[in-house]
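Asker: Could you have a look at this structure, given as structure tokens, before my questions?
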Amino acid sequence: MLTAPAGNADEAIASMLADPSLARLITAHRELEPRPPRHVPWPATLDPRVVGALRGRGVEAPYTHQAAAYAAASIGRNVVVVTPTASGKTLCYNLPVLDAIAKDEAARALYLFPTKALAADQLVELRALADAAELGLKTHTYDGDTPANVRSVVRAAGQVVITNPDMLHAAILPHHTKWFKLFENLQYVVIDELHTYRGLFGSHVANVIRRLRRICNHYGADPTFICASATIANPRELAERVLEAPVELIDDNGAPSGRKHVLIVNPPVVNPQLGIRSSSLLTAQRIAERLIRDGVQTIAFARSRTAVEILTTYLREALPASPGHPSPIQGYRGGYLPNERRAIESGLRDGRIRGVVATNALELGIDIGGLDAAICVGYPGTIASTWQQMGRSGRRAGTSLSVMVASSAPIDQFLATHPEYFFDRSPEHGRINPDNLHLLLDHLKASAFELPIPAAERFGLDETPMLLDVLEEDGFLRRAGDDRYYWSQENFPASAFSLRSAAQENVVIIDETGDRPRVIGEVDLFAAPMLVHEQAIYIHAGRQFHVDRLDWDERKAYVRAVDVDYYTDADLGVTLKVLDAFDEVHGADGALRAHGEVMVAWHATLFKKIKLHTHENVGWGPIALPEQQMHTTGAWIVPPTSVVERFDRETLDGALIGWARVARSAASLLLMCDARDIGVLAQAQAPHTLRPTLFLYDAVPGGVGLAERLHELHPELIDACARMVRDCPCMDGCPSCVGPVAEVGVHGKATCGELLAVMA
């Protein structure tokens, strides 16, 4: 039972670091020294009511980066502020916005946040500050949950409109005539969490900003953009790519921080022959359990919804609540209802909740207070995300702890054995491709619906007139005598496509346990086949539900509460077809590397029943659901004929499986991107080449240039793969390199190494 009081984090962390059982698992330990605050005087031009409100809230002077952001934005310069988590970035945009409205009630601002939760959180902060300044600020969130009567008020009188890119795309820009007061007087556009706008989503958002600029120009406005980002390698480049305008970088962080211990922990090897390590989930559980028991308020980040629920269950069993009291351990992830999430956030701030297990839904800047410890269960996928999650621990005074517990995945093991990559290298680059033709054509349609497009106008590409002609030939546009293109369809183009890689629709989860069915959550359409297929065990808020029926056409999963000692995990089957080769490079002896357009299809094939705690496989079953498809870009590699012919089919199959495994990790390291952004598929006889072939493809429709870059980095990719295989200490393969022997065969690792050595 949890009985330790809060507030003794320094002693608890020191005790844990002195524990020999943990010390032998630590592969890296960095101690970040406390950093004192650096203040500057309030800018002379800042409205005194705003200054007075901030002083009344205990802010005697701004940090250096807050003052710099205000100074640049107030004279019309676009800025991107890049400072760590909990460094006061919110004030960097609230200062110029409130100052502008204090001086001119007609001034307007538009805030864009990537999630509803973040928007709701920022609304509370902005209102509190405006009320303290007695500004009478008219502001509200505008999203799918906003009631109809509130929407009309926001459109007519909202001085600050807080929304997300999806609503701007589908609900505001297409109906800009209802928002003319906003667009006529728009002085500032705030884009928070800029680093999340990468890949497909970022490419879409860049096109939404193009459309926003067109409409602002139509109403005679030229707003200043204020962006805020976590630490990435190219913040100014990414901001300028999204905005297509010059941007001033502000990264001189003046916020204070307490002492922080950062650990990389590698679970112990439990089977030296097979190179199998103890579960990262169970290792993280032991660390979190000890910290919470000793009074350290802790957050643990898991990479999947299932992992969140399993770890929450384990911690609740180990640390039961006092009789008659709610559990101080909570899960937090997408799929929870908004009121559940708000209650958890409130409990973290006031200390009622001592431990929370979350997906990356809590990675962004939602106000949950300063926690004492943060644990990443497995590498989150990018260095930027890892530091964001670790940044969730750390008060402005006192000691905090951040831990990354490595899984058996090759990329985790690489970081565990090469910690300098994590600590010393720049974080990832944010990459987008707003000129992706799939995206561009969709946004041209949406833009034409919003305002006619002159033939001379350029929307990203110089080839815009050609694209407009194509849309005219297809019947979407009509060219009139004034040499402008008009939308000529009855449908509403922005509603036809989503800004995100996930489908627009969600599957609603309905609990039929009691007398009356009730909705307990939802899951996006692409994840549904893996999580709520029939006979799945769906875990929600620590409770288990059996999926009795999945109505795919109606997007509804019907579940009932159960109490079983296992959870389910689904397998995904992938097929790939080459549609067009853009570039082919032929080497000696039949070797080939190429880049082009591919069609990828995937479907959930079967599920396994995994026993709780022991993680044994105790059964399986088939999944019968429709296949899903996407067109994207891919790179493919064919090894030389002579080396392939040395091996029998079974040995070669194992080597290809191993190569695919290390290639995905090596590719994500080379591109400094999330491994989930890259798909891999190895085929012993690919239909396109009729040869053993490795495919790497962008895991988003249309692609964002990752596969093309891998095609260019071919020598580096092969060398990185070869090092990962060569440097792993296992004999015949393990989860940390090519995969376990059961998957790749007894000769899989050696054969994979030989293939790569010949190609290097």
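Labels for the structure tokens follow display order: chains A, B, ..., residues from 1 in each chain, ligands from 1.
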Name all residues at most 9 Å from Val700 in chain A (count only C-alpha atoms; drop same-chain ones fewer than 3 positions away) and give them as a PyMOL selection string.

Answerer: chain A and resi 199-200+501+630-633+677-678+697+703-704

Asker: With only C-alpha atoms as the counted atoms, please give the residues lying no more than 7 Å from range 654-665 of chain A, apart from itself and same-chain residues fewer than 4 positions off, as a ChimeraX atom specification.

Answerer: /A:410-411,650,669,675,678,680-682,694,721,724,737-739,743-745,748-749,751-752

Asker: Per DSSP on the backbone, filter range 303-439 of chain A down to the residues in helix (DSSP H, G or I) and report them as a VMD selection string.

Answerer: chain A and resid 305 to 318 338 to 350 360 to 362 383 to 390 410 to 417 419 to 424 437 to 439

Asker: Quick one: of A:Trp636, A:Phe607, A:Trp552, A:Tyr63, who's nearest to Gly254 in chain A, counting only C-alpha atoms?

Answerer: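 When distances to Gly254 in chain A are compared using only C-alpha atoms, the smallest one comes from A:Tyr63.
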
Asker: Report the distance between CA of Gly347 in chain A and CA of Ala321 in chain A in Å, rounded to one decimal place.

Answerer: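 According to the coordinates, CA of Gly347 in chain A and CA of Ala321 in chain A are separated by 14.7 Å.
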
Asker: Which residues, written as an MDAnalysis selection string, have at least one atom at most 8 Å from Val208 in chain A, with only C-alpha atoms counted and residues fewer than 3 positions away on the same chain left out?

Answerer: chainID A and resid 165 168:169 204:205 211:212 443

Asker: Store the residues picked out above, limited to N, CA and C atoms, as a PDB file, in the first residue's frame.

Answerer:
ATOM      1  N   PRO A 165      -4.759  22.854 -36.244  1.00  0.00           N
ATOM      2  CA  PRO A 165      -4.659  22.939 -37.702  1.00  0.00           C
ATOM      3  C   PRO A 165      -5.814  22.252 -38.429  1.00  0.00           C
ATOM      4  N   LEU A 168      -8.730  24.656 -38.485  1.00  0.00           N
ATOM      5  CA  LEU A 168      -8.409  25.751 -39.402  1.00  0.00           C
ATOM      6  C   LEU A 168      -8.604  25.296 -40.840  1.00  0.00           C
ATOM      7  N   HIS A 169      -8.158  24.087 -41.127  1.00  0.00           N
ATOM      8  CA  HIS A 169      -8.252  23.502 -42.468  1.00  0.00           C
ATOM      9  C   HIS A 169      -9.700  23.261 -42.894  1.00  0.00           C
ATOM     10  N   HIS A 204       1.211  18.854 -44.644  1.00  0.00           N
ATOM     11  CA  HIS A 204      -0.166  19.345 -44.762  1.00  0.00           C
ATOM     12  C   HIS A 204      -0.306  20.728 -44.139  1.00  0.00           C
ATOM     13  N   VAL A 205       0.242  20.895 -42.928  1.00  0.00           N
ATOM     14  CA  VAL A 205       0.085  22.163 -42.209  1.00  0.00           C
ATOM     15  C   VAL A 205       0.743  23.309 -42.991  1.00  0.00           C
ATOM     16  N   ARG A 211      -2.733  28.559 -47.511  1.00  0.00           N
ATOM     17  CA  ARG A 211      -4.136  28.964 -47.689  1.00  0.00           C
ATOM     18  C   ARG A 211      -4.501  30.100 -46.736  1.00  0.00           C
ATOM     19  N   LEU A 212      -4.007  30.034 -45.495  1.00  0.00           N
ATOM     20  CA  LEU A 212      -4.262  31.096 -44.523  1.00  0.00           C
ATOM     21  C   LEU A 212      -3.696  32.419 -45.019  1.00  0.00           C
ATOM     22  N   HIS A 443      -4.881  20.519 -51.574  1.00  0.00           N
ATOM     23  CA  HIS A 443      -4.952  21.872 -51.011  1.00  0.00           C
ATOM     24  C   HIS A 443      -5.253  22.922 -52.077  1.00  0.00           C
TER      25      HIS A 443
END

Asker: Find the residues around Leu238 in chain A up to 8 Å (only C-alpha atoms counted), leave out those fewer than 2 positions away in its own chain, and share them as a ChimeraX atom specification.

Answerer: /A:234-236,240-242,430-432

Asker: Closest to Thr359 in chain A among A:Phe301, A:Tyr336, A:Tyr486, A:Tyr314, using only C-alpha atoms?

Answerer: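 When distances to Thr359 in chain A are compared using only C-alpha atoms, the smallest one comes from A:Phe301.
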
Asker: What does the distance between CA of Trp602 in chain A and CA of Leu550 in chain A come to in Å, to one decimal place?

Answerer: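 Pair CA of Trp602 in chain A / CA of Leu550 in chain A returns 18.4 Å.
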
Asker: Please identify every residue of range 209-317 of chain A that has at least one atom no farther than 8 Å from an atom of range 536-543 of chain A, counting only C-alpha atoms, and for each give the shortest atom pair and the distance in Å to one decimal, arranged by chain then increasing number, as CSV.

Answerer:
residue,atom,partner,partner_atom,distance
A:Thr306,CA,A:Ile539,CA,6.9
A:Glu309,CA,A:Gly542,CA,5.5
A:Ile310,CA,A:Gly542,CA,7.4
A:Thr312,CA,A:Gly542,CA,6.2
A:Thr313,CA,A:Gly542,CA,5.3

Asker: I need the residues from that last selection saved to file as an mmCIF file, in the first residue's frame (with N, CA and C atoms), if you can.

Answerer:
data_model
loop_
_atom_site.group_PDB
_atom_site.id
_atom_site.type_symbol
_atom_site.label_atom_id
_atom_site.label_comp_id
_atom_site.auth_asym_id
_atom_site.auth_seq_id
_atom_site.Cartn_x
_atom_site.Cartn_y
_atom_site.Cartn_z
ATOM 1 N N THR A 306 -1.427 -0.310 -25.342
ATOM 2 C CA THR A 306 -1.448 -1.561 -24.591
ATOM 3 C C THR A 306 -0.412 -1.541 -23.473
ATOM 4 N N GLU A 309 -1.572 0.492 -20.477
ATOM 5 C CA GLU A 309 -2.552 -0.168 -19.614
ATOM 6 C C GLU A 309 -1.919 -1.307 -18.810
ATOM 7 N N ILE A 310 -0.987 -2.035 -19.420
ATOM 8 C CA ILE A 310 -0.344 -3.143 -18.705
ATOM 9 C C ILE A 310 0.496 -2.608 -17.549
ATOM 10 N N THR A 312 0.185 0.285 -16.034
ATOM 11 C CA THR A 312 -0.735 0.835 -15.032
ATOM 12 C C THR A 312 -1.284 -0.276 -14.141
ATOM 13 N N THR A 313 -1.666 -1.390 -14.756
ATOM 14 C CA THR A 313 -2.196 -2.529 -14.003
ATOM 15 C C THR A 313 -1.157 -3.065 -13.026
#

Asker: Among range 172-405 of chain A, which ones does DSSP place in strand (DSSP E), written as a ChimeraX atom specification?

Answerer: /A:186-191,224-229,248-250,260-265,269-271,276-277,298-301,329-332,355-358,373-377,400-405

Asker: Separation of CA of Trp487 in chain A and CA of Phe449 in chain A, in Å?

Answerer: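 We find that CA of Trp487 in chain A and CA of Phe449 in chain A lie 5.1 Å from each other.
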